[in-house]
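Asker: Following this line is model.csv, made up of CSV, C-alpha atoms:
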```
chain,number,residue,atom,x,y,z
U,271,MET,CA,-120.7,-124.3,-66.0
U,272,THR,CA,-123.6,-125.5,-63.7
U,273,THR,CA,-123.0,-128.8,-62.0
U,274,THR,CA,-125.7,-130.8,-60.2
U,275,PRO,CA,-125.0,-130.7,-56.5
U,276,ALA,CA,-124.1,-133.9,-54.6
U,277,VAL,CA,-126.9,-136.1,-53.5
U,278,GLY,CA,-127.1,-136.7,-49.8
U,279,ILE,CA,-128.9,-135.4,-46.7
U,280,GLU,CA,-130.9,-132.2,-46.6
U,281,PRO,CA,-129.0,-129.9,-44.2
U,282,ALA,CA,-131.2,-129.9,-41.1
U,283,ASP,CA,-130.3,-127.8,-38.1
U,284,PRO,CA,-131.1,-129.8,-35.0
U,285,SER,CA,-133.2,-126.9,-33.7
U,286,GLU,CA,-135.6,-127.2,-36.7
U,287,ARG,CA,-136.8,-130.6,-35.3
U,288,GLY,CA,-138.1,-129.1,-32.1
U,289,GLY,CA,-140.1,-126.1,-31.2
U,290,THR,CA,-143.4,-124.9,-30.0
U,291,ARG,CA,-145.9,-122.8,-32.0
U,292,VAL,CA,-145.7,-119.1,-31.2
U,293,ASP,CA,-149.4,-118.0,-31.1
U,294,GLY,CA,-150.5,-114.4,-31.7
U,295,VAL,CA,-147.1,-113.1,-32.6
U,296,ASP,CA,-145.9,-112.1,-36.0
U,297,VAL,CA,-142.5,-113.9,-36.0
U,298,VAL,CA,-140.2,-112.4,-38.6
U,299,GLY,CA,-137.8,-115.3,-38.7
U,300,ALA,CA,-135.7,-117.8,-36.8
U,301,LEU,CA,-132.0,-118.2,-36.2
U,302,SER,CA,-129.8,-120.8,-34.5
U,303,PRO,CA,-126.1,-120.6,-33.8
U,304,SER,CA,-125.4,-122.9,-36.8
U,305,ARG,CA,-127.3,-120.7,-39.2
U,306,VAL,CA,-125.6,-117.5,-37.8
U,307,GLY,CA,-122.3,-119.2,-38.3
U,308,ASP,CA,-123.1,-120.2,-41.8
U,309,PHE,CA,-123.9,-116.6,-42.8
U,310,LEU,CA,-120.8,-115.2,-41.1
U,311,ASN,CA,-118.6,-117.7,-42.7
U,312,CYS,CA,-120.2,-117.5,-46.2
U,313,PRO,CA,-123.5,-115.9,-47.0
U,314,LEU,CA,-123.8,-118.1,-50.1
U,315,LEU,CA,-123.4,-121.2,-47.9
U,316,TYR,CA,-126.3,-119.9,-45.8
U,317,ARG,CA,-128.4,-119.6,-48.9
U,318,PHE,CA,-127.6,-123.1,-50.1
U,319,ARG,CA,-128.4,-124.6,-46.7
U,320,SER,CA,-131.3,-122.4,-45.5
U,321,ILE,CA,-133.1,-121.3,-48.6
U,322,ASP,CA,-132.2,-123.8,-51.4
U,323,ARG,CA,-131.9,-126.6,-48.9
U,324,LEU,CA,-129.4,-128.4,-51.1
U,325,PRO,CA,-128.6,-131.9,-49.9
U,326,GLU,CA,-125.0,-132.6,-48.6
U,327,PRO,CA,-123.3,-135.9,-48.5
U,328,PRO,CA,-122.7,-137.1,-45.0
U,329,SER,CA,-119.1,-136.6,-43.8
U,330,PRO,CA,-117.4,-139.2,-41.6
U,331,ALA,CA,-116.3,-136.5,-39.1
U,332,ALA,CA,-119.9,-135.1,-38.8
U,333,VAL,CA,-121.4,-138.6,-38.5
U,334,ARG,CA,-118.9,-139.5,-35.9
U,335,GLY,CA,-120.0,-136.5,-33.9
U,336,THR,CA,-123.6,-137.4,-34.2
U,337,VAL,CA,-123.0,-141.0,-33.0
U,338,LEU,CA,-120.9,-139.9,-30.0
U,339,HIS,CA,-123.3,-137.2,-29.0
U,340,ARG,CA,-126.0,-139.9,-28.9
U,341,VAL,CA,-123.8,-142.1,-26.8
U,342,LEU,CA,-123.1,-139.3,-24.3
U,343,GLU,CA,-126.7,-138.5,-24.1
U,344,GLN,CA,-127.8,-142.1,-23.4
U,345,LEU,CA,-124.9,-142.6,-21.0
U,346,PHE,CA,-126.7,-140.5,-18.4
U,347,ASP,CA,-129.8,-142.7,-18.7
U,348,LEU,CA,-127.8,-145.4,-16.8
U,349,PRO,CA,-127.4,-145.5,-13.1
U,350,ALA,CA,-124.2,-143.6,-12.1
U,351,ALA,CA,-122.2,-146.7,-11.2
U,352,GLU,CA,-122.7,-148.1,-14.7
U,353,ARG,CA,-121.4,-145.0,-16.6
U,354,THR,CA,-118.1,-146.6,-17.2
U,355,PRO,CA,-115.7,-146.5,-20.3
U,356,GLU,CA,-116.5,-150.1,-21.0
U,357,ARG,CA,-120.3,-149.6,-21.0
U,358,ALA,CA,-120.0,-146.5,-23.1
U,359,ASP,CA,-117.8,-148.3,-25.6
U,360,ARG,CA,-120.5,-151.0,-26.0
U,361,MET,CA,-123.0,-148.2,-26.8
U,362,VAL,CA,-121.3,-147.1,-30.0
U,363,ALA,CA,-122.5,-149.9,-32.3
U,364,PRO,CA,-126.2,-149.5,-31.3
U,365,ALA,CA,-126.0,-145.7,-31.7
U,366,TRP,CA,-124.5,-146.2,-35.2
U,367,GLU,CA,-127.3,-148.6,-36.1
U,368,GLU,CA,-129.9,-146.3,-34.8
U,369,LEU,CA,-128.6,-143.4,-36.9
U,370,GLN,CA,-128.6,-145.6,-40.0
U,371,ALA,CA,-132.2,-146.5,-39.4
U,372,VAL,CA,-133.1,-142.8,-39.2
U,373,GLU,CA,-130.9,-141.5,-41.9
U,374,PRO,CA,-130.1,-144.4,-44.4
U,375,ALA,CA,-127.9,-142.2,-46.5
U,376,VAL,CA,-125.2,-142.1,-43.8
U,377,ALA,CA,-124.5,-145.8,-44.5
U,378,GLU,CA,-123.2,-144.8,-47.9
U,379,MET,CA,-120.5,-142.4,-46.7
U,380,LEU,CA,-117.9,-145.2,-46.7
U,381,PRO,CA,-117.8,-148.6,-48.5
U,382,ALA,CA,-119.6,-151.2,-46.4
U,383,ASP,CA,-117.2,-154.0,-47.4
U,384,GLY,CA,-113.9,-152.1,-47.1
U,385,PRO,CA,-111.5,-151.3,-44.3
U,386,GLU,CA,-112.6,-147.7,-44.1
U,387,ILE,CA,-115.7,-148.4,-42.1
U,388,ALA,CA,-113.8,-150.4,-39.6
U,389,GLU,CA,-111.2,-147.7,-39.2
U,390,TRP,CA,-114.0,-145.1,-38.8
U,391,LEU,CA,-115.7,-147.1,-36.1
U,392,ALA,CA,-112.3,-147.5,-34.4
U,393,SER,CA,-112.0,-143.7,-34.4
U,394,CYS,CA,-115.4,-143.4,-32.7
U,395,HIS,CA,-114.3,-145.7,-29.9
U,396,ASP,CA,-110.9,-143.9,-29.5
U,397,THR,CA,-112.5,-140.5,-29.4
U,398,LEU,CA,-115.2,-141.6,-26.9
U,399,ALA,CA,-112.5,-143.0,-24.6
U,400,LYS,CA,-111.0,-139.5,-24.3
U,401,TYR,CA,-114.2,-138.2,-22.7
U,402,PHE,CA,-113.4,-140.2,-19.5
U,403,ASP,CA,-110.1,-138.3,-19.2
U,404,LEU,CA,-112.0,-135.1,-18.9
U,405,GLU,CA,-115.1,-135.8,-16.8
U,406,ASP,CA,-116.3,-138.5,-14.4
U,407,PRO,CA,-119.9,-139.2,-15.4
U,408,THR,CA,-120.5,-141.2,-12.2
U,409,ARG,CA,-120.3,-137.9,-10.3
U,410,LEU,CA,-122.6,-135.9,-12.6
U,411,GLU,CA,-126.4,-135.7,-12.8
U,412,PRO,CA,-127.3,-133.4,-15.6
U,413,ALA,CA,-130.5,-131.4,-15.3
U,414,GLU,CA,-131.1,-131.6,-19.1
U,415,ARG,CA,-129.7,-133.3,-22.1
U,416,GLU,CA,-130.3,-132.4,-25.8
U,417,LEU,CA,-132.4,-129.5,-24.5
U,418,TYR,CA,-134.4,-127.5,-27.1
U,419,VAL,CA,-134.5,-123.9,-26.1
U,420,GLU,CA,-136.1,-120.8,-27.8
U,421,THR,CA,-136.9,-117.2,-27.0
U,422,LEU,CA,-138.4,-114.4,-29.0
U,423,THR,CA,-136.6,-111.1,-29.1
U,424,ASP,CA,-138.2,-107.7,-29.0
U,425,ALA,CA,-137.6,-107.6,-32.8
U,426,LYS,CA,-139.9,-110.7,-33.1
U,427,LEU,CA,-136.9,-112.8,-34.1
U,428,LEU,CA,-137.0,-116.4,-32.8
U,429,LEU,CA,-133.7,-117.6,-31.3
U,430,ARG,CA,-133.5,-121.3,-30.9
U,431,GLY,CA,-131.1,-124.1,-30.5
U,432,VAL,CA,-130.3,-127.5,-28.9
U,433,ILE,CA,-128.0,-127.7,-25.9
U,434,ASP,CA,-126.0,-130.9,-25.4
U,435,ARG,CA,-126.1,-130.7,-21.6
U,436,VAL,CA,-127.3,-128.3,-18.9
U,437,ASP,CA,-126.0,-128.9,-15.3
U,438,VAL,CA,-127.7,-127.1,-12.4
U,439,ALA,CA,-125.9,-126.8,-9.0
U,440,PRO,CA,-127.7,-127.0,-5.7
U,441,ASP,CA,-127.5,-123.2,-5.4
U,442,GLY,CA,-129.3,-122.9,-8.8
U,443,SER,CA,-126.3,-121.8,-10.8
U,444,ILE,CA,-126.3,-123.1,-14.4
U,445,ARG,CA,-123.5,-124.7,-16.5
U,446,VAL,CA,-124.0,-125.0,-20.2
U,447,VAL,CA,-121.9,-127.9,-21.7
U,448,ASP,CA,-121.3,-128.6,-25.4
U,449,TYR,CA,-119.4,-131.6,-26.7
U,450,LYS,CA,-117.0,-131.2,-29.6
U,451,THR,CA,-115.5,-134.4,-31.2
U,452,GLY,CA,-112.8,-132.4,-33.0
U,453,PRO,CA,-109.7,-130.6,-31.4
U,454,SER,CA,-109.9,-127.3,-29.6
U,455,PRO,CA,-109.3,-124.2,-31.7
U,456,LEU,CA,-106.2,-122.0,-31.6
U,457,GLU,CA,-106.5,-119.2,-29.0
U,458,MET,CA,-107.2,-116.6,-31.6
U,459,PHE,CA,-110.4,-118.5,-32.6
U,460,GLU,CA,-111.7,-119.2,-29.1
U,461,GLY,CA,-114.1,-116.3,-29.3
U,462,LYS,CA,-115.7,-117.8,-32.4
U,463,ALA,CA,-116.0,-121.2,-30.7
U,464,LEU,CA,-117.6,-119.6,-27.7
U,465,PHE,CA,-120.2,-117.8,-29.7
U,466,GLN,CA,-122.5,-120.8,-29.9
U,467,LEU,CA,-122.5,-121.2,-26.1
U,468,LYS,CA,-123.1,-117.5,-25.6
U,469,PHE,CA,-126.1,-117.8,-27.9
U,470,TYR,CA,-127.4,-120.6,-25.8
U,471,ALA,CA,-126.7,-118.7,-22.6
U,472,LEU,CA,-128.6,-115.7,-24.0
U,473,VAL,CA,-131.7,-117.9,-24.7
U,474,LEU,CA,-131.6,-119.5,-21.3
U,475,TRP,CA,-131.2,-116.1,-19.6
U,476,ARG,CA,-134.3,-114.9,-21.5
U,477,MET,CA,-136.2,-118.0,-20.7
U,478,ARG,CA,-135.3,-118.5,-17.0
U,479,GLY,CA,-134.1,-115.1,-15.9
U,480,VAL,CA,-130.7,-116.4,-14.8
U,481,VAL,CA,-127.4,-115.8,-16.5
U,482,PRO,CA,-125.5,-119.2,-16.7
U,483,ARG,CA,-122.5,-119.1,-14.5
U,484,MET,CA,-120.3,-121.3,-16.7
U,485,LEU,CA,-120.0,-122.1,-20.4
U,486,GLN,CA,-118.0,-125.3,-21.1
U,487,LEU,CA,-116.7,-126.7,-24.4
U,488,VAL,CA,-115.5,-130.3,-24.1
U,489,TYR,CA,-113.1,-131.1,-26.9
U,490,LEU,CA,-112.7,-134.8,-27.3
U,491,GLY,CA,-110.3,-134.5,-30.3
U,492,ASN,CA,-107.4,-133.4,-28.1
U,493,SER,CA,-108.8,-133.9,-24.6
U,494,GLU,CA,-109.2,-130.2,-23.7
U,495,VAL,CA,-111.9,-128.2,-21.9
U,496,LEU,CA,-112.5,-124.6,-22.6
U,497,ARG,CA,-114.4,-122.7,-19.9
U,498,TYR,CA,-115.9,-119.2,-19.8
U,499,GLU,CA,-117.9,-117.2,-17.3
U,500,PRO,CA,-120.3,-114.9,-19.1
U,501,ASP,CA,-122.1,-111.8,-17.7
U,502,GLU,CA,-125.1,-109.8,-18.8
U,503,GLN,CA,-123.0,-107.5,-21.0
U,504,ASP,CA,-121.6,-110.5,-22.9
U,505,LEU,CA,-125.0,-111.8,-23.6
U,506,LEU,CA,-126.4,-108.4,-24.6
U,507,ALA,CA,-123.5,-108.0,-27.0
U,508,THR,CA,-124.3,-111.5,-28.4
U,509,GLU,CA,-127.9,-110.4,-28.9
U,510,ARG,CA,-126.8,-107.3,-30.8
U,511,LYS,CA,-124.6,-109.4,-33.0
U,512,VAL,CA,-127.4,-111.9,-33.8
U,513,LEU,CA,-129.8,-109.1,-34.6
U,514,ALA,CA,-127.2,-107.5,-36.9
U,515,VAL,CA,-126.7,-110.8,-38.7
U,516,TRP,CA,-130.5,-111.1,-39.1
U,517,ASP,CA,-130.6,-107.6,-40.6
U,518,ALA,CA,-127.9,-108.6,-43.1
U,519,ILE,CA,-129.8,-111.8,-44.0
U,520,ARG,CA,-133.0,-109.9,-44.6
U,521,ALA,CA,-131.2,-107.4,-46.8
U,522,ALA,CA,-129.5,-110.2,-48.8
U,523,THR,CA,-132.9,-111.9,-49.1
U,524,GLU,CA,-134.6,-108.8,-50.4
U,525,ARG,CA,-131.8,-108.3,-53.0
U,526,ARG,CA,-131.6,-112.1,-53.7
U,527,VAL,CA,-127.8,-111.6,-53.4
U,528,PHE,CA,-125.8,-113.9,-51.1
U,529,GLU,CA,-122.1,-113.4,-51.8
U,530,ALA,CA,-119.6,-116.2,-51.9
U,531,ARG,CA,-116.9,-115.6,-49.3
U,532,ARG,CA,-113.6,-117.5,-49.5
U,533,GLY,CA,-112.3,-118.9,-46.3
U,534,ALA,CA,-110.7,-121.8,-44.5
U,535,GLY,CA,-114.0,-123.7,-44.7
U,536,CYS,CA,-113.9,-123.8,-48.5
U,537,ARG,CA,-111.7,-126.8,-48.5
U,538,TRP,CA,-114.5,-128.9,-46.9
U,539,CYS,CA,-117.4,-127.3,-48.7
U,540,VAL,CA,-119.3,-129.7,-50.9
U,541,HIS,CA,-120.8,-126.9,-53.0
U,542,GLN,CA,-117.7,-125.7,-54.8
U,543,ALA,CA,-118.9,-127.0,-58.2
U,544,ILE,CA,-121.8,-124.4,-58.0
U,545,CYS,CA,-119.9,-121.7,-56.3
U,546,PRO,CA,-119.0,-118.5,-58.3
U,547,ALA,CA,-115.7,-118.2,-56.3
U,548,TYR,CA,-114.7,-121.5,-58.0
U,549,GLY,CA,-116.1,-120.8,-61.4
U,550,GLY,CA,-119.5,-122.4,-60.8
U,551,THR,CA,-123.1,-121.2,-61.2
U,552,PRO,CA,-125.6,-121.4,-58.3
U,553,PRO,CA,-129.1,-122.8,-59.1
U,554,PRO,CA,-131.9,-120.3,-59.8
U,555,TYR,CA,-133.1,-118.5,-56.7
U,556,PRO,CA,-136.0,-120.6,-55.4
U,557,GLU,CA,-139.6,-119.4,-55.4
U,558,PRO,CA,-141.1,-118.3,-53.1
U,559,ALA,CA,-137.8,-116.6,-52.2
U,560,LEU,CA,-138.5,-115.9,-48.6
U,561,ARG,CA,-137.8,-119.2,-47.0
U,562,ALA,CA,-134.9,-117.8,-45.0
U,563,ALA,CA,-137.1,-115.1,-43.6
U,564,SER,CA,-139.6,-117.3,-41.8
U,565,PRO,CA,-139.2,-120.1,-39.2
U,566,ALA,CA,-139.5,-123.7,-40.2
U,567,PRO,CA,-143.0,-125.1,-39.5
U,568,GLN,CA,-143.3,-126.0,-35.9
U,569,GLU,CA,-145.6,-128.5,-34.3
```
Starting from the file, give its structure as structure tokens.
Answerer:
Amino acid sequence: MTTTPAVGIEPADPSERGGTRVDGVDVVGALSPSRVGDFLNCPLLYRFRSIDRLPEPPSPAAVRGTVLHRVLEQLFDLPAAERTPERADRMVAPAWEELQAVEPAVAEMLPADGPEIAEWLASCHDTLAKYFDLEDPTRLEPAERELYVETLTDAKLLLRGVIDRVDVAPDGSIRVVDYKTGPSPLEMFEGKALFQLKFYALVLWRMRGVVPRMLQLVYLGNSEVLRYEPDEQDLLATERKVLAVWDAIRAATERRVFEARRGAGCRWCVHQAICPAYGGTPPPYPEPALRAASPAPQE
């Protein structure tokens, strides 16, 4: 039975909002860490998000992450002495209002007149407070925040993404920082969590000719920090993995076959009603059917 997918927000990778036009180059496509992760977790989910562009209802956890990322970005606009827990706490409500103005659908994720929204806002404040147990923002001066990066591989595949924070030491060494509002993963899943930062490090290396010295994942959910020092071999292996994923995406696109892959993420997937693994029927393959094989329009 075919069921109409939930109405919500079209899944937009942050990297799709940025970008510069690549002139004189026949770009075969574009990938970000999020889209690579979608395909590795479930090729059908990749199709739903990147080709069908099916809307997804906003989730409280994801929206909390968006709000807190905005607060942590704006926190460093303040003079160092004003980057206090109290000041950051007062920035939550304006960041939430700003997001609602940009994406009105997020206001419908919880009843406006019920206790749920108050509890959700309290969780935003509680999660943000943990940041100050992990870093002292008065002692930091990031070189970049919400930095859009992109590079073109020899295979003419555009790699792109948005980095939460880039720190540059006086000696020129680079630290790539990513905030996670959930808890840190089990040790067996750390490699998967680090892939996103290795992807960013690869792009920065190609752009600037310098391998970042440190990759840092800041987990606010349980107040932990995961650090990793990459080398060139790490980043070359990451590039090979990304290119292999792109080859698999192109093959699936040519066949118009994206398999449903059961996994832990299924419990949160909003597309179960149209997933063959759960007895559903996906919508007809869109025409033209090559949206996944070309980058989003870039200004």
Asker: Can you measure atom CA of U:Phe469 to atom CA of U:Leu314 for me? One decimal in Å is fine.
Answerer: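 Taking atom CA of U:Phe469 and atom CA of U:Leu314, their separation equals 22.3 Å.
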Asker: Which residue out of U:Arg520, U:Val527, U:Val540, U:Leu467 has the minimum interatomic distance to U:Pro500 when only C-alpha atoms are used?
Answerer: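 Between U:Arg520, U:Val527, U:Val540, U:Leu467, the residue approaching U:Pro500 most closely is U:Leu467.
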Asker: Do you have the atom CA of U:Pro327-atom CA of U:Val419 distance handy?
Answerer: 27.8 Å
Asker: Using only C-alpha atoms, tabulate the residues of stretch 399-480 of chain U lying at most 12 Å from any atom of stretch 297-313 of chain U, each with its closest atom pair and that distance in Å to one decimal, by chain and increasing residue number, as CSV.
Answerer:
```
residue,atom,partner,partner_atom,distance
U:Tyr418,CA,U:Ser302,CA,11.0
U:Val419,CA,U:Ser302,CA,10.1
U:Glu420,CA,U:Ser302,CA,9.2
U:Thr421,CA,U:Ala300,CA,9.9
U:Leu422,CA,U:Val297,CA,8.1
U:Thr423,CA,U:Val297,CA,9.5
U:Asp424,CA,U:Val297,CA,10.3
U:Ala425,CA,U:Val298,CA,8.0
U:Lys426,CA,U:Val297,CA,5.0
U:Leu427,CA,U:Gly299,CA,5.3
U:Leu428,CA,U:Ala300,CA,4.4
U:Leu429,CA,U:Leu301,CA,5.2
U:Arg430,CA,U:Ser302,CA,5.2
U:Gly431,CA,U:Ser302,CA,5.3
U:Val432,CA,U:Ser302,CA,8.7
U:Ile433,CA,U:Pro303,CA,10.8
U:Lys462,CA,U:Gly307,CA,9.0
U:Ala463,CA,U:Gly307,CA,10.1
U:Leu464,CA,U:Pro303,CA,10.5
U:Phe465,CA,U:Pro303,CA,7.7
U:Gln466,CA,U:Pro303,CA,5.3
U:Leu467,CA,U:Pro303,CA,8.5
U:Lys468,CA,U:Pro303,CA,9.3
U:Phe469,CA,U:Pro303,CA,6.5
U:Tyr470,CA,U:Pro303,CA,8.1
U:Ala471,CA,U:Pro303,CA,11.4
U:Leu472,CA,U:Pro303,CA,11.2
U:Val473,CA,U:Ser302,CA,10.4
```
Asker: Could you check how far atom CA of U:Leu496 sits from atom CA of U:Lys511, in Å to one decimal?
Answerer: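 Interatomic distance, atom CA of U:Leu496 to atom CA of U:Lys511: 22.0 Å.
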Asker: I'd like to know which of U:Leu348, U:Thr508, U:Pro412, U:Ala358 is closest to U:Asp396, using all atoms listed in the file.
Answerer: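 When distances to U:Asp396 are compared using all atoms listed in the file, the smallest one comes from U:Ala358.
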Asker: Each residue of stretch 401-508 of chain U lying at most 12 Å from stretch 388-394 of chain U should get a row with its shortest atom-to-atom pair and the distance in Å to one decimal, counting all atoms listed in the file; could you produce that, ordered by chain and increasing number, as JSON lines?
Answerer:
```
{"residue": "U:Tyr401", "atom": "CA", "partner": "U:Cys394", "partner_atom": "CA", "distance": 11.3}
{"residue": "U:Thr451", "atom": "CA", "partner": "U:Cys394", "partner_atom": "CA", "distance": 9.1}
{"residue": "U:Gly452", "atom": "CA", "partner": "U:Cys394", "partner_atom": "CA", "distance": 11.3}
{"residue": "U:Leu490", "atom": "CA", "partner": "U:Cys394", "partner_atom": "CA", "distance": 10.5}
{"residue": "U:Gly491", "atom": "CA", "partner": "U:Ser393", "partner_atom": "CA", "distance": 10.2}
```
Asker: Just the selected residues (C-alpha atoms), exported as a PDB file, keeping the file's coordinate frame, please.
Answerer:
```pdb
ATOM      1  CA  TYR U 401    -114.200-138.200 -22.700  1.00  0.00           C
ATOM      2  CA  THR U 451    -115.500-134.400 -31.200  1.00  0.00           C
ATOM      3  CA  GLY U 452    -112.800-132.400 -33.000  1.00  0.00           C
ATOM      4  CA  LEU U 490    -112.700-134.800 -27.300  1.00  0.00           C
ATOM      5  CA  GLY U 491    -110.300-134.500 -30.300  1.00  0.00           C
TER       6      GLY U 491
END
```
Asker: List every protein, DNA or RNA residue that has at least one atom no more than 9 Å from (-112.4, -142.7, -22.9) in the file's coordinates, counting only C-alpha atoms, and write the result as a ChimeraX atom specification.
Answerer: /U:354-356,358-359,395-404
Asker: Kindly export the residues of the current selection with C-alpha atoms, as a CSV table (one decimal), in the frame of the given file.
Answerer:
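File produced: selection-v6.csv:
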```csv
chain,number,residue,atom,x,y,z
U,354,THR,CA,-118.1,-146.6,-17.2
U,355,PRO,CA,-115.7,-146.5,-20.3
U,356,GLU,CA,-116.5,-150.1,-21.0
U,358,ALA,CA,-120.0,-146.5,-23.1
U,359,ASP,CA,-117.8,-148.3,-25.6
U,395,HIS,CA,-114.3,-145.7,-29.9
U,396,ASP,CA,-110.9,-143.9,-29.5
U,397,THR,CA,-112.5,-140.5,-29.4
U,398,LEU,CA,-115.2,-141.6,-26.9
U,399,ALA,CA,-112.5,-143.0,-24.6
U,400,LYS,CA,-111.0,-139.5,-24.3
U,401,TYR,CA,-114.2,-138.2,-22.7
U,402,PHE,CA,-113.4,-140.2,-19.5
U,403,ASP,CA,-110.1,-138.3,-19.2
U,404,LEU,CA,-112.0,-135.1,-18.9
```
Asker: So that I can check the surroundings of U:Glu414, please list as a list in words every protein, DNA and RNA residue that reaches within 9 Å of it, counting all atoms listed in the file and ignoring chain neighbours fewer than 5 positions away.
Answerer: Ile433, Asp434, Arg435, Val436, Asp437 and Val438 of chain U
Asker: Restricting the calculation to all atoms listed in the file: of U:Leu487, U:Arg445, U:Leu369, U:Arg476, which residue gets closest to U:Glu460?
Answerer: U:Leu487
Asker: So which one's closest to U:Asp347, U:Pro407, U:Gly335, U:Pro482, U:Pro328? Using all atoms listed in the file, please.
Answerer: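 The shortest atom-to-atom distance to U:Asp347 comes from U:Pro407.
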Asker: Using all atoms listed in the file, which of the listed residues (U:Phe459, U:Tyr548, U:Trp516, U:Tyr449) sits closest to U:Cys536?
Answerer: U:Tyr548
Asker: Using all atoms listed in the file, which of the listed residues (U:Glu386, U:Glu343, U:Glu367, U:Glu557) sits closest to U:Glu416?
Answerer: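 Of U:Glu386, U:Glu343, U:Glu367, U:Glu557, the one nearest U:Glu416 is U:Glu343, counting all atoms listed in the file.
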